[in-house]
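The data block below is target.csv; it holds CSV, C-alpha atoms.
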```csv
chain,number,residue,atom,x,y,z
A,24,MET,CA,19.1,27.9,2.2
A,25,SER,CA,20.9,28.8,5.4
A,26,ASP,CA,24.7,28.2,5.8
A,27,THR,CA,24.1,25.4,8.3
A,28,GLN,CA,21.9,23.4,6.0
A,29,ILE,CA,23.6,20.7,3.9
A,30,LEU,CA,20.8,20.2,1.4
A,31,SER,CA,18.9,22.9,-0.5
A,32,ASP,CA,15.1,23.0,-0.4
A,33,LYS,CA,14.8,21.3,-3.8
A,34,GLN,CA,17.3,18.6,-2.8
A,35,THR,CA,15.4,18.0,0.5
A,36,LEU,CA,12.1,17.6,-1.3
A,37,THR,CA,13.6,15.4,-4.0
A,38,ILE,CA,15.1,13.0,-1.4
A,39,ALA,CA,11.8,12.9,0.6
A,40,ARG,CA,9.9,12.1,-2.6
A,41,LEU,CA,12.4,9.4,-3.6
A,42,ILE,CA,12.0,7.8,-0.2
A,43,ASN,CA,8.2,7.8,-0.6
A,44,ILE,CA,8.4,6.4,-4.1
A,45,ALA,CA,10.7,3.6,-2.9
A,46,ALA,CA,8.3,2.8,-0.1
A,47,LEU,CA,5.3,2.7,-2.6
A,48,PHE,CA,7.2,0.3,-4.9
A,49,ALA,CA,8.4,-1.8,-2.0
A,50,LEU,CA,4.8,-2.3,-1.0
A,51,LEU,CA,3.9,-3.2,-4.6
A,52,GLY,CA,6.7,-5.8,-4.4
A,53,VAL,CA,5.1,-7.4,-1.3
A,54,LEU,CA,1.6,-7.4,-2.9
A,55,ALA,CA,3.1,-8.8,-6.1
A,56,GLY,CA,4.7,-11.7,-4.2
A,57,SER,CA,1.4,-12.5,-2.4
A,58,LEU,CA,-0.6,-12.3,-5.7
A,59,ASP,CA,2.0,-14.6,-7.4
A,60,LEU,CA,1.5,-17.1,-4.6
A,61,GLN,CA,-2.3,-16.9,-5.1
A,62,PHE,CA,-2.4,-17.2,-8.8
A,63,GLY,CA,0.9,-18.9,-9.6
A,64,ALA,CA,0.9,-21.5,-6.8
A,65,GLY,CA,-2.9,-21.7,-6.2
A,66,GLU,CA,-2.5,-20.7,-2.5
A,67,LEU,CA,-5.8,-18.8,-1.8
A,68,PRO,CA,-5.4,-16.3,1.0
A,69,CYS,CA,-6.8,-17.1,4.5
A,70,PRO,CA,-9.0,-14.4,6.3
A,71,LEU,CA,-6.1,-13.2,8.4
A,72,CYS,CA,-4.0,-13.0,5.2
A,73,LEU,CA,-6.7,-10.7,3.7
A,74,VAL,CA,-6.6,-8.5,6.8
A,75,GLN,CA,-2.9,-8.2,6.4
A,76,ARG,CA,-3.3,-7.4,2.7
A,77,SER,CA,-5.8,-4.7,3.6
A,78,ALA,CA,-3.3,-3.2,6.1
A,79,MET,CA,-0.5,-3.4,3.5
A,80,ILE,CA,-2.7,-1.4,1.1
A,81,GLY,CA,-3.3,1.0,4.0
A,82,LEU,CA,0.5,1.5,4.4
A,83,ALA,CA,0.6,2.9,0.9
A,84,VAL,CA,-1.8,5.7,1.8
A,85,GLY,CA,0.9,7.7,3.5
A,86,PRO,CA,3.4,7.7,0.6
A,87,ALA,CA,0.5,8.3,-1.9
A,88,MET,CA,-0.7,11.4,0.0
A,89,ASN,CA,2.8,12.7,0.5
A,90,LEU,CA,3.5,12.5,-3.3
A,91,LEU,CA,0.1,13.9,-4.5
A,92,TRP,CA,-0.9,16.2,-1.6
A,93,GLY,CA,2.5,17.3,-0.3
A,94,MET,CA,4.7,16.2,2.6
A,95,LYS,CA,2.8,16.2,5.9
A,96,ALA,CA,3.5,14.4,9.2
A,97,ARG,CA,-0.1,13.2,9.4
A,98,HIS,CA,0.3,11.2,6.2
A,99,TYR,CA,3.1,9.2,7.9
A,100,ALA,CA,0.7,8.8,11.0
A,101,LEU,CA,-1.8,7.1,8.7
A,102,SER,CA,0.8,4.6,7.6
A,103,ILE,CA,1.8,4.0,11.2
A,104,LEU,CA,-1.9,3.2,12.1
A,105,ALA,CA,-2.1,0.8,9.1
A,106,ALA,CA,1.1,-0.9,10.2
A,107,LEU,CA,-0.3,-1.3,13.8
A,108,VAL,CA,-3.5,-2.9,12.3
A,109,GLY,CA,-1.5,-5.2,10.0
A,110,GLY,CA,0.9,-6.0,12.9
A,111,ALA,CA,-2.0,-7.1,15.0
A,112,GLY,CA,-3.3,-9.4,12.2
A,113,SER,CA,0.1,-11.0,11.5
A,114,ALA,CA,1.0,-11.3,15.3
A,115,ARG,CA,-2.3,-13.1,15.8
A,116,GLN,CA,-1.6,-15.5,13.0
A,117,ILE,CA,2.0,-16.2,14.2
A,118,LEU,CA,0.7,-16.8,17.8
A,119,LEU,CA,-2.0,-19.2,16.4
A,120,HIS,CA,0.6,-21.4,14.8
A,121,ILE,CA,3.0,-21.2,17.7
A,122,ALA,CA,0.3,-22.1,20.2
A,123,THR,CA,-0.6,-25.3,18.4
A,124,PRO,CA,2.1,-28.0,19.0
A,125,GLY,CA,3.3,-29.6,15.8
A,126,ASP,CA,1.6,-27.0,13.6
A,127,PRO,CA,3.6,-26.6,10.3
A,128,GLY,CA,2.1,-23.1,9.7
A,129,PHE,CA,-0.1,-21.8,6.9
A,130,GLY,CA,1.2,-21.8,3.4
A,131,PRO,CA,4.7,-22.2,2.1
A,132,ALA,CA,7.8,-20.7,3.8
A,133,VAL,CA,9.9,-18.1,1.9
A,134,LEU,CA,13.5,-17.9,3.0
A,135,GLY,CA,12.7,-19.8,6.2
A,136,PHE,CA,9.7,-17.6,7.3
A,137,HIS,CA,6.0,-17.9,6.5
A,138,LEU,CA,4.4,-15.0,4.7
A,139,TYR,CA,2.6,-13.7,7.9
A,140,THR,CA,6.0,-13.6,9.6
A,141,TRP,CA,7.4,-11.6,6.7
A,142,ALA,CA,4.3,-9.4,6.9
A,143,PHE,CA,5.0,-8.7,10.6
A,144,ILE,CA,8.6,-7.8,9.9
A,145,THR,CA,7.4,-5.5,7.1
A,146,PHE,CA,4.9,-3.7,9.5
A,147,VAL,CA,7.6,-3.3,12.1
A,148,ILE,CA,10.0,-1.8,9.6
A,149,ALA,CA,7.3,0.5,8.3
A,150,VAL,CA,6.7,1.9,11.8
A,151,ALA,CA,10.4,2.4,12.4
A,152,GLY,CA,10.8,4.0,9.0
A,153,CYS,CA,7.9,6.4,9.5
A,154,ALA,CA,9.3,7.3,13.0
A,155,VAL,CA,12.7,8.1,11.5
A,156,LEU,CA,11.1,10.2,8.7
A,157,LEU,CA,9.0,12.1,11.3
A,158,MET,CA,12.2,13.1,13.0
A,159,TRP,CA,13.2,14.9,9.7
A,160,ASN,CA,11.2,18.1,10.0
A,161,ARG,CA,12.5,20.0,6.9
A,162,PRO,CA,10.3,18.4,4.2
A,163,PHE,CA,7.2,19.5,6.2
A,164,ASP,CA,8.4,23.1,6.4
A,165,LEU,CA,8.7,23.7,2.7
A,166,GLY,CA,5.0,24.3,1.9
A,167,ASP,CA,5.1,21.3,-0.5
A,168,ARG,CA,1.8,20.9,-2.6
A,169,GLY,CA,2.7,17.6,-4.1
A,170,VAL,CA,4.2,16.5,-7.5
A,171,LEU,CA,1.3,18.3,-9.4
A,172,GLY,CA,2.0,21.7,-7.7
A,173,GLN,CA,5.7,21.9,-8.5
A,174,ARG,CA,7.6,23.1,-11.6
A,175,HIS,CA,11.1,21.6,-12.0
A,176,TRP,CA,13.0,19.7,-14.6
A,177,HIS,CA,12.3,16.2,-13.2
A,178,ARG,CA,8.5,16.9,-12.7
A,179,SER,CA,7.5,14.7,-15.6
A,180,LEU,CA,9.6,11.8,-14.4
A,181,THR,CA,8.4,12.1,-10.8
A,182,LEU,CA,4.8,12.5,-11.9
A,183,PHE,CA,5.0,9.5,-14.3
A,184,ILE,CA,6.5,7.2,-11.5
A,185,THR,CA,3.9,8.4,-9.0
A,186,ILE,CA,1.0,7.8,-11.4
A,187,TRP,CA,2.5,4.4,-12.4
A,188,GLY,CA,2.8,3.3,-8.8
A,189,LEU,CA,-0.7,4.4,-7.9
A,190,LEU,CA,-2.2,2.8,-11.0
A,191,TRP,CA,-0.3,-0.5,-10.3
A,192,LEU,CA,-1.6,-0.4,-6.7
A,193,LEU,CA,-5.1,0.2,-8.0
A,194,ALA,CA,-4.8,-2.8,-10.4
A,195,ASP,CA,-3.6,-5.0,-7.5
A,196,LEU,CA,-6.5,-3.7,-5.4
A,197,LEU,CA,-9.0,-4.6,-8.1
A,198,VAL,CA,-7.5,-8.1,-8.6
A,199,ILE,CA,-7.6,-8.8,-4.9
A,200,GLY,CA,-11.1,-7.4,-4.5
A,201,ILE,CA,-12.5,-9.4,-7.5
A,202,SER,CA,-10.7,-12.6,-6.5
A,203,VAL,CA,-12.3,-12.3,-3.0
A,204,ILE,CA,-15.9,-12.5,-4.4
A,205,PRO,CA,-15.8,-16.2,-5.7
A,206,GLN,CA,-13.9,-17.2,-2.6
A,207,CYS,CA,-15.9,-15.5,0.1
A,208,GLY,CA,-18.9,-13.9,-1.5
A,209,LEU,CA,-20.0,-10.7,0.2
A,210,GLY,CA,-19.5,-12.1,3.7
A,211,MET,CA,-16.7,-13.5,5.7
A,212,CYS,CA,-14.1,-15.9,4.2
A,213,PRO,CA,-13.8,-19.6,5.3
A,214,ASP,CA,-11.0,-20.1,7.9
A,215,ASP,CA,-9.2,-22.8,5.8
A,216,PRO,CA,-9.6,-22.0,2.1
A,217,PRO,CA,-9.4,-24.9,-0.4
A,218,PRO,CA,-6.5,-24.8,-3.0
A,219,GLY,CA,-7.3,-22.5,-5.9
A,220,ALA,CA,-6.5,-22.5,-9.6
A,221,ASP,CA,-2.8,-23.0,-10.3
A,222,LEU,CA,-1.4,-21.0,-13.3
A,223,GLY,CA,2.2,-22.1,-12.6
A,224,ASP,CA,5.1,-19.9,-11.5
A,225,ILE,CA,5.9,-18.3,-14.8
A,226,LEU,CA,2.2,-17.4,-15.7
A,227,GLY,CA,1.7,-16.2,-12.2
A,228,TRP,CA,4.6,-13.7,-12.4
A,229,ALA,CA,3.5,-12.8,-16.0
A,230,LEU,CA,0.1,-11.9,-14.6
A,231,VAL,CA,1.5,-9.9,-11.7
A,232,LEU,CA,4.2,-8.1,-13.8
A,233,GLY,CA,1.7,-7.6,-16.7
A,234,LEU,CA,-0.4,-5.5,-14.4
A,235,GLY,CA,2.7,-3.3,-13.8
A,236,VAL,CA,3.3,-3.0,-17.6
A,237,VAL,CA,-0.3,-2.0,-18.3
A,238,ALA,CA,-0.2,0.5,-15.4
A,239,ALA,CA,3.0,2.0,-16.9
A,240,VAL,CA,1.5,2.4,-20.3
A,241,ILE,CA,-1.6,4.1,-18.9
A,242,ALA,CA,0.6,6.2,-16.6
A,243,TYR,CA,2.6,7.4,-19.6
A,244,PHE,CA,-0.5,8.7,-21.4
A,245,VAL,CA,-2.0,10.2,-18.3
A,246,GLU,CA,1.3,12.1,-17.5
A,247,ARG,CA,1.5,13.4,-21.1
A,248,ARG,CA,-2.1,14.6,-20.9
A,249,MET,CA,-1.5,16.3,-17.6
A,250,SER,CA,1.7,18.0,-18.8
A,251,ASP,CA,-0.1,19.2,-22.0
A,252,THR,CA,-3.0,20.6,-19.8
A,253,SER,CA,-0.5,22.3,-17.5
A,254,GLN,CA,1.4,23.9,-20.5
A,255,ASP,CA,-1.9,25.2,-21.9
A,256,ASN,CA,-2.8,26.8,-18.6
A,257,GLU,CA,0.6,28.5,-18.5
A,258,ARG,CA,0.0,30.0,-21.9
A,259,ASP,CA,-3.5,31.1,-21.0
A,260,PRO,CA,-3.3,34.6,-19.4
A,261,ILE,CA,-6.6,34.2,-17.6
A,262,THR,CA,-5.2,31.4,-15.4
A,263,GLN,CA,-2.0,33.3,-14.6
B,13,MET,CA,-14.2,-9.0,3.6
B,14,LEU,CA,-14.8,-7.5,0.2
B,15,SER,CA,-15.9,-4.3,1.9
B,16,MET,CA,-12.3,-3.6,3.1
B,17,PHE,CA,-11.1,-3.5,-0.4
B,18,VAL,CA,-14.1,-1.5,-1.7
B,19,LEU,CA,-13.4,1.1,1.1
B,20,TRP,CA,-9.7,1.3,0.0
B,21,LEU,CA,-10.8,1.9,-3.6
B,22,ILE,CA,-12.8,4.9,-2.4
B,23,VAL,CA,-9.8,6.1,-0.3
B,24,PHE,CA,-7.5,6.0,-3.3
B,25,ALA,CA,-10.1,7.7,-5.5
B,26,GLY,CA,-10.2,10.4,-2.7
B,27,ILE,CA,-6.4,10.7,-2.8
B,28,ALA,CA,-6.5,11.2,-6.6
B,29,ARG,CA,-9.4,13.7,-6.4
B,30,LYS,CA,-8.0,15.5,-3.3
B,31,TRP,CA,-11.2,15.0,-1.3
B,32,LYS,CA,-10.8,16.5,2.2
B,33,TRP,CA,-12.4,13.6,4.0
B,34,THR,CA,-10.0,11.0,2.6
B,35,PRO,CA,-7.8,10.7,5.7
B,36,GLY,CA,-10.9,10.2,7.9
B,37,LEU,CA,-12.2,7.5,5.6
B,38,ALA,CA,-8.7,5.9,5.6
B,39,VAL,CA,-8.9,5.7,9.5
B,40,LEU,CA,-12.4,4.3,9.3
B,41,THR,CA,-11.2,1.6,6.8
B,42,LEU,CA,-8.5,0.7,9.2
B,43,VAL,CA,-11.0,0.4,12.1
B,44,TRP,CA,-13.2,-1.7,9.9
B,45,THR,CA,-10.2,-4.0,9.1
B,46,LEU,CA,-9.6,-4.3,12.8
B,47,VAL,CA,-13.3,-5.2,13.4
B,48,ILE,CA,-13.0,-8.0,10.7
B,49,LEU,CA,-9.8,-9.2,12.4
B,50,ARG,CA,-11.7,-9.3,15.8
B,51,LEU,CA,-14.6,-11.3,14.2
B,52,HIS,CA,-12.1,-13.9,13.0
B,53,MET,CA,-10.5,-14.3,16.4
B,54,THR,CA,-12.5,-17.3,17.3
B,55,ASP,CA,-9.8,-19.7,18.6
B,56,PRO,CA,-8.5,-18.8,22.0
B,57,ILE,CA,-4.7,-18.4,22.3
B,58,PRO,CA,-3.3,-19.2,25.7
B,59,LEU,CA,-0.9,-16.4,26.5
B,60,ASN,CA,0.7,-18.2,29.5
B,61,PHE,CA,2.8,-20.6,27.4
```

Hey, can you dump this file as structure tokens for me?
Amino acid sequence: MSDTQILSDKQTLTIARLINIAALFALLGVLAGSLDLQFGAGELPCPLCLVQRSAMIGLAVGPAMNLLWGMKARHYALSILAALVGGAGSARQILLHIATPGDPGFGPAVLGFHLYTWAFITFVIAVAGCAVLLMWNRPFDLGDRGVLGQRHWHRSLTLFITIWGLLWLLADLLVIGISVIPQCGLGMCPDDPPPGADLGDILGWALVLGLGVVAAVIAYFVERRMSDTSQDNERDPITQ
Amino acid sequence: MLSMFVLWLIVFAGIARKWKWTPGLAVLTLVWTLVILRLHMTDPIPLNF
């Protein structure tokens, strides 16, 4: 660490990873909200909503790669591209409802805005956030190989949270994918979907958060197994 | 539309397995998402309002 640097290399990497973990869980929060609306309130997603969900999942690619592969500028670039695609979808939906006089908008409003407006705000914040993080060069210069390639005291915790976030995202992705089949089949979805099954708000959130709990339990065992394998490799002189 | 999510599943499998072509597939999935968005742009929006 040079005299002019405020943070050590370890501190820099820890902060960069925390930011990426926070971004991953923020995206999980957005997806959880949309899934609760789908299963809790019976609001099936429209085709443009599915496009935005797809882009929202794409946003998570950057943080996921940064955490597992190491900090790279091009990982943020992937998230920016996903935000542009999602922004195009949400802007299209906002304009559709603005252009039709007297149109109340699609779906319920949350805190005064429809979900596609919130999605647009999220995509704009994502672009701005990635741009700010791209201005911070140091995490890219440290030769980071991701949470699996480092040995430090909080490795287990970082690894567990990363695996948890990714498994939760995978569970959301599976639920979204499977729920698309009865609604749309293998082709395009209808423009105006009929109301779906309504589990109620409590059961809807229980389903969404239950996915997170199951993901956390699996992540715990996966992290234990990976740590054990890593310790075995350290003891084995051949792999040194 | 299911294809978008199947492609994302492969992308995340690639991230977990550290497959080199994963970033390329992620870009391809985004392009495919854009194609699906374009296919759904059936109503004209007057941009002179």

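Once segment 59-64 of chain A and its same-chain neighbours fewer than 5 positions away are set aside, Ala220, Asp221, Leu222, Gly223, Asp224, Leu226, Gly227, Trp228 and Val231 of chain A remain within 7 Å of it when counting only C-alpha atoms.
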
Report task. Within 8 Å of chain A, which residues of chain B are there when counting all atoms listed in the file? Please give them as a ChimeraX atom specification. Result -> /B:13-18,20-21,24,27-28,30,35,38-39,42,45-46,48-49,52,57-58,61

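Taking all atoms listed in the file into account, Ala151 of chain A lies nearest to A:Ile103 out of the set A:Pro68, A:Asp32, A:Pro86, A:Ile103.
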
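Closest approach to Phe244 of chain A among A:Gly93, A:Ser113, A:Ile44, A:Leu182: A:Leu182, based on all atoms listed in the file.
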
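The gap separating atom CA of Gly235 of chain A from atom CA of Thr37 of chain A is 23.8 Å, in Å to one decimal.
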
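For the atom pair formed by atom CA of Met79 of chain A and atom CA of Leu54 of chain A, the distance is 7.8 Å, given to one decimal.
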
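One finds atom CA of Ile117 of chain A at 20.4 Å from atom CA of Leu58 of chain A.
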